[in-house]
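Working notes, beginning with the structure itself.
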Amino acid sequence: MDGILALAADNLLSPIILFFALGLLAAFAKSDLSIPEAIAKGMSIYLLFAIGFKGGASVADHGIDATLLMSLLVGVILSFALPLIAFALLRVMSRLDVTDAAAVAAHYGSISIVTFVAATSVITSAGLTSEGYMVAVAAAMEAPAILSALWIIARYGKANGEMEDGLMREILLNGSIVLLVGSFLIGWITGDEGMDRIAPFIVAPFQGVLCLFLLDMGLVAGRGLREARAVLTRGLFLFGVIMPPIGAVLGLGAGLLLGLSTGGVVLFMTLCASASYIAVPAAMRVALPEANPSVYLTLSLGVTFPFNLTLGIPLYLAVASAVTGG
């Protein structure tokens, strides 16, 4: 146990987490520190491009096998199932109506690619490697949760959860998914040769760009929490910190059954524990316009994202290392 706590403490002191904490503190202190929106968007594009390309190049080196295909299938199944668990918890722990609870639940079945990138950085710093195709698993887990939320609405709501015109396009052509999948495919096609050509651009600068990006995310999350206190009840806050470990436990079991490496298990745990704040909010605006954005955005970005970044990822790494012996 002492070793697990020491490992978690070491990761809490990593630069990426400390820069996120700096952003949170600056926001709570009402500092005028800010990163221009265009620069923040440019950094997110860079991170998606880099992680996707490196993942594709890794798959090209590894090759397609049964474990890859099973990982994709398990990821899709978990993305469908997690919103059902989240919805049941929300109905017990909060007073949200069916529509708002379903909208929140969708965020907890989908994934946060930034949390995934941060976890990738943490396991690399810990000297671990992971299966490159976990990037493909992340992309596959973006959309199923949205469909699961629509089923919840059709089953328990007012039967208004039909697939509206433009929703599937909104899901599949979301910019983060297009860039992540596209970069992955290009990395896969070009393999080691392509990686060698652009490695100076996507390897060495990666950590520094991630630190700056998470500084900005800390500012955004802190300001969101400060401005949305009215909607954040005790029950909702508890849900925002309880649901990630529940998802992580399912990810741990899936990773072990699939025979993933220690790093791969950590990433699967992180994917199942994270909550979307990019792809799903965009889809909810189309599918469930009556749902309250201040509720689902405050929970996913203001509560769960900081929890995963400061406590969750280090703990997932510690638990995975202890269970797998990595």
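We name chains A, B, ... following the order of the structure tokens; residues begin at 1 in each chain, and ligands are numbered from 1 as shown.
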
> What lies within 9 Å of range 201-212 of chain A using only C-alpha atoms, ignoring chain neighbours under 4 positions off, as JSON, numbers by chain?
Replying inline: {"A": [15, 16, 17, 18, 19, 20, 35, 40, 43, 44, 46, 47, 49, 50, 51, 53, 54, 117, 118, 121, 195, 197, 216, 217]}

Using only C-alpha atoms, what does the table of range 73-138 of chain A residues within 12 Å of range 232-242 of chain A look like, with each row giving the shortest atom pair and its distance in Å to one decimal, sorted by chain and ascending number, as CSV?
```
residue,atom,partner,partner_atom,distance
A:Ile85,CA,A:Phe239,CA,11.2
A:Ala86,CA,A:Phe239,CA,8.4
A:Phe87,CA,A:Phe239,CA,10.4
A:Ala88,CA,A:Phe239,CA,10.9
A:Leu89,CA,A:Phe239,CA,7.4
A:Leu90,CA,A:Phe239,CA,7.1
A:Arg91,CA,A:Gly235,CA,10.2
A:Val92,CA,A:Gly235,CA,8.9
A:Met93,CA,A:Gly235,CA,5.1
A:Ser94,CA,A:Gly235,CA,5.3
A:Arg95,CA,A:Gly235,CA,8.6
A:Leu96,CA,A:Leu236,CA,9.1
A:Asp100,CA,A:Leu236,CA,11.7
A:Ala101,CA,A:Leu236,CA,10.3
A:Val104,CA,A:Gly240,CA,10.0
A:Ala105,CA,A:Phe239,CA,10.6
A:His107,CA,A:Gly240,CA,11.0
A:Tyr108,CA,A:Gly240,CA,9.3
```

Using only N, CA and C atoms, please write the residues we just selected to a file, as a short mmCIF file (atom, residue, chain, number, x, y, z; two decimals), in the first residue's frame.
```cif
data_model
loop_
_atom_site.label_atom_id
_atom_site.label_comp_id
_atom_site.auth_asym_id
_atom_site.auth_seq_id
_atom_site.Cartn_x
_atom_site.Cartn_y
_atom_site.Cartn_z
N ILE A 85 -25.28 2.74 -16.25
CA ILE A 85 -24.87 2.79 -14.85
C ILE A 85 -24.95 4.22 -14.32
N ALA A 86 -24.44 5.17 -15.13
CA ALA A 86 -24.46 6.58 -14.72
C ALA A 86 -25.89 7.08 -14.54
N PHE A 87 -26.78 6.70 -15.43
CA PHE A 87 -28.17 7.13 -15.34
C PHE A 87 -28.82 6.61 -14.06
N ALA A 88 -28.57 5.33 -13.74
CA ALA A 88 -29.14 4.76 -12.52
C ALA A 88 -28.62 5.48 -11.28
N LEU A 89 -27.34 5.79 -11.25
CA LEU A 89 -26.77 6.51 -10.12
C LEU A 89 -27.36 7.92 -9.99
N LEU A 90 -27.49 8.60 -11.11
CA LEU A 90 -28.02 9.96 -11.09
C LEU A 90 -29.46 10.01 -10.59
N ARG A 91 -30.24 9.01 -10.94
CA ARG A 91 -31.64 8.99 -10.49
C ARG A 91 -31.73 8.78 -8.98
N VAL A 92 -30.69 8.17 -8.39
CA VAL A 92 -30.66 7.95 -6.94
C VAL A 92 -30.01 9.12 -6.21
N MET A 93 -28.94 9.67 -6.80
CA MET A 93 -28.12 10.66 -6.11
C MET A 93 -28.52 12.11 -6.38
N SER A 94 -29.42 12.34 -7.32
CA SER A 94 -29.79 13.72 -7.66
C SER A 94 -31.28 13.81 -7.96
N ARG A 95 -31.71 15.03 -8.18
CA ARG A 95 -33.11 15.27 -8.53
C ARG A 95 -33.26 15.63 -10.00
N LEU A 96 -32.29 15.27 -10.80
CA LEU A 96 -32.37 15.57 -12.23
C LEU A 96 -33.53 14.82 -12.87
N ASP A 100 -32.20 15.50 -18.39
CA ASP A 100 -30.90 15.96 -17.91
C ASP A 100 -30.03 14.79 -17.45
N ALA A 101 -30.64 13.82 -16.79
CA ALA A 101 -29.87 12.66 -16.33
C ALA A 101 -29.32 11.87 -17.51
N VAL A 104 -26.39 13.86 -19.05
CA VAL A 104 -25.17 13.71 -18.23
C VAL A 104 -24.59 12.32 -18.42
N ALA A 105 -25.44 11.30 -18.41
CA ALA A 105 -24.98 9.92 -18.53
C ALA A 105 -24.21 9.70 -19.82
N HIS A 107 -22.24 11.68 -21.34
CA HIS A 107 -20.87 12.18 -21.19
C HIS A 107 -19.97 11.15 -20.50
N TYR A 108 -20.56 10.34 -19.61
CA TYR A 108 -19.76 9.39 -18.83
C TYR A 108 -19.61 8.03 -19.52
#
```

>> Between CA of Glu290 in chain A and CA of Gly157 in chain A, what distance in Å does the model show, to one decimal?
In response: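 Taking CA of Glu290 in chain A and CA of Gly157 in chain A, their separation equals 12.2 Å.
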
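Residues in contact with range 173-190 of chain A at 7 Å, where only C-alpha atoms are counted and same-chain residues fewer than 6 positions away are skipped, are listed as Leu48, Phe49, Gly52, Phe53, Lys54, Gly55, Gly56, Ala57, Val59, Ala60, Ala139 and Ala279 of chain A.
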
> Quick one: of A:Leu214, A:Val323, A:Leu256, A:Ile146, who's nearest to Ala283 in chain A, counting only C-alpha atoms?
Replying inline: A:Ile146

>> Taking only range 52-160 of chain A into account, list the residues labelled helix (DSSP H, G or I) by DSSP (computed from the backbone), as an MDAnalysis selection string.
In response: chainID A and resid 52:62 66:93 98:109 113:125 134:140 144:156

>> Can you pull out the residues contacting Phe80 in chain A? Cut-off 8 Å, using only C-alpha atoms, and skip same-chain residues under 2 positions away; I want them as a list in words.
In response: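 Using only C-alpha atoms, the neighbours found are Val76, Ile77, Leu78, Leu82, Pro83, Leu84, Gly109, Pro144, Ala145, Leu147 and Ser148 of chain A.
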
Only C-alpha atoms, please: the residues just picked out, written as an mmCIF file, in the first residue's frame.
```
data_model
loop_
_atom_site.group_PDB
_atom_site.id
_atom_site.type_symbol
_atom_site.label_atom_id
_atom_site.label_comp_id
_atom_site.auth_asym_id
_atom_site.auth_seq_id
_atom_site.Cartn_x
_atom_site.Cartn_y
_atom_site.Cartn_z
ATOM 1 C CA VAL A 76 -17.769 -0.111 -27.804
ATOM 2 C CA ILE A 77 -19.695 -2.360 -25.403
ATOM 3 C CA LEU A 78 -18.458 -0.419 -22.373
ATOM 4 C CA LEU A 82 -21.518 3.014 -18.826
ATOM 5 C CA PRO A 83 -24.341 5.548 -19.465
ATOM 6 C CA LEU A 84 -26.849 3.008 -18.089
ATOM 7 C CA GLY A 109 -19.951 6.668 -21.472
ATOM 8 C CA PRO A 144 -21.907 4.674 -28.682
ATOM 9 C CA ALA A 145 -22.676 6.495 -25.413
ATOM 10 C CA LEU A 147 -26.866 6.365 -28.834
ATOM 11 C CA SER A 148 -27.244 4.807 -25.381
#
```

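Proximity ranking of A:Leu271, A:Leu301, A:Asp196, A:Gly132 relative to Gly224 in chain A places A:Leu301 first, based on only C-alpha atoms.
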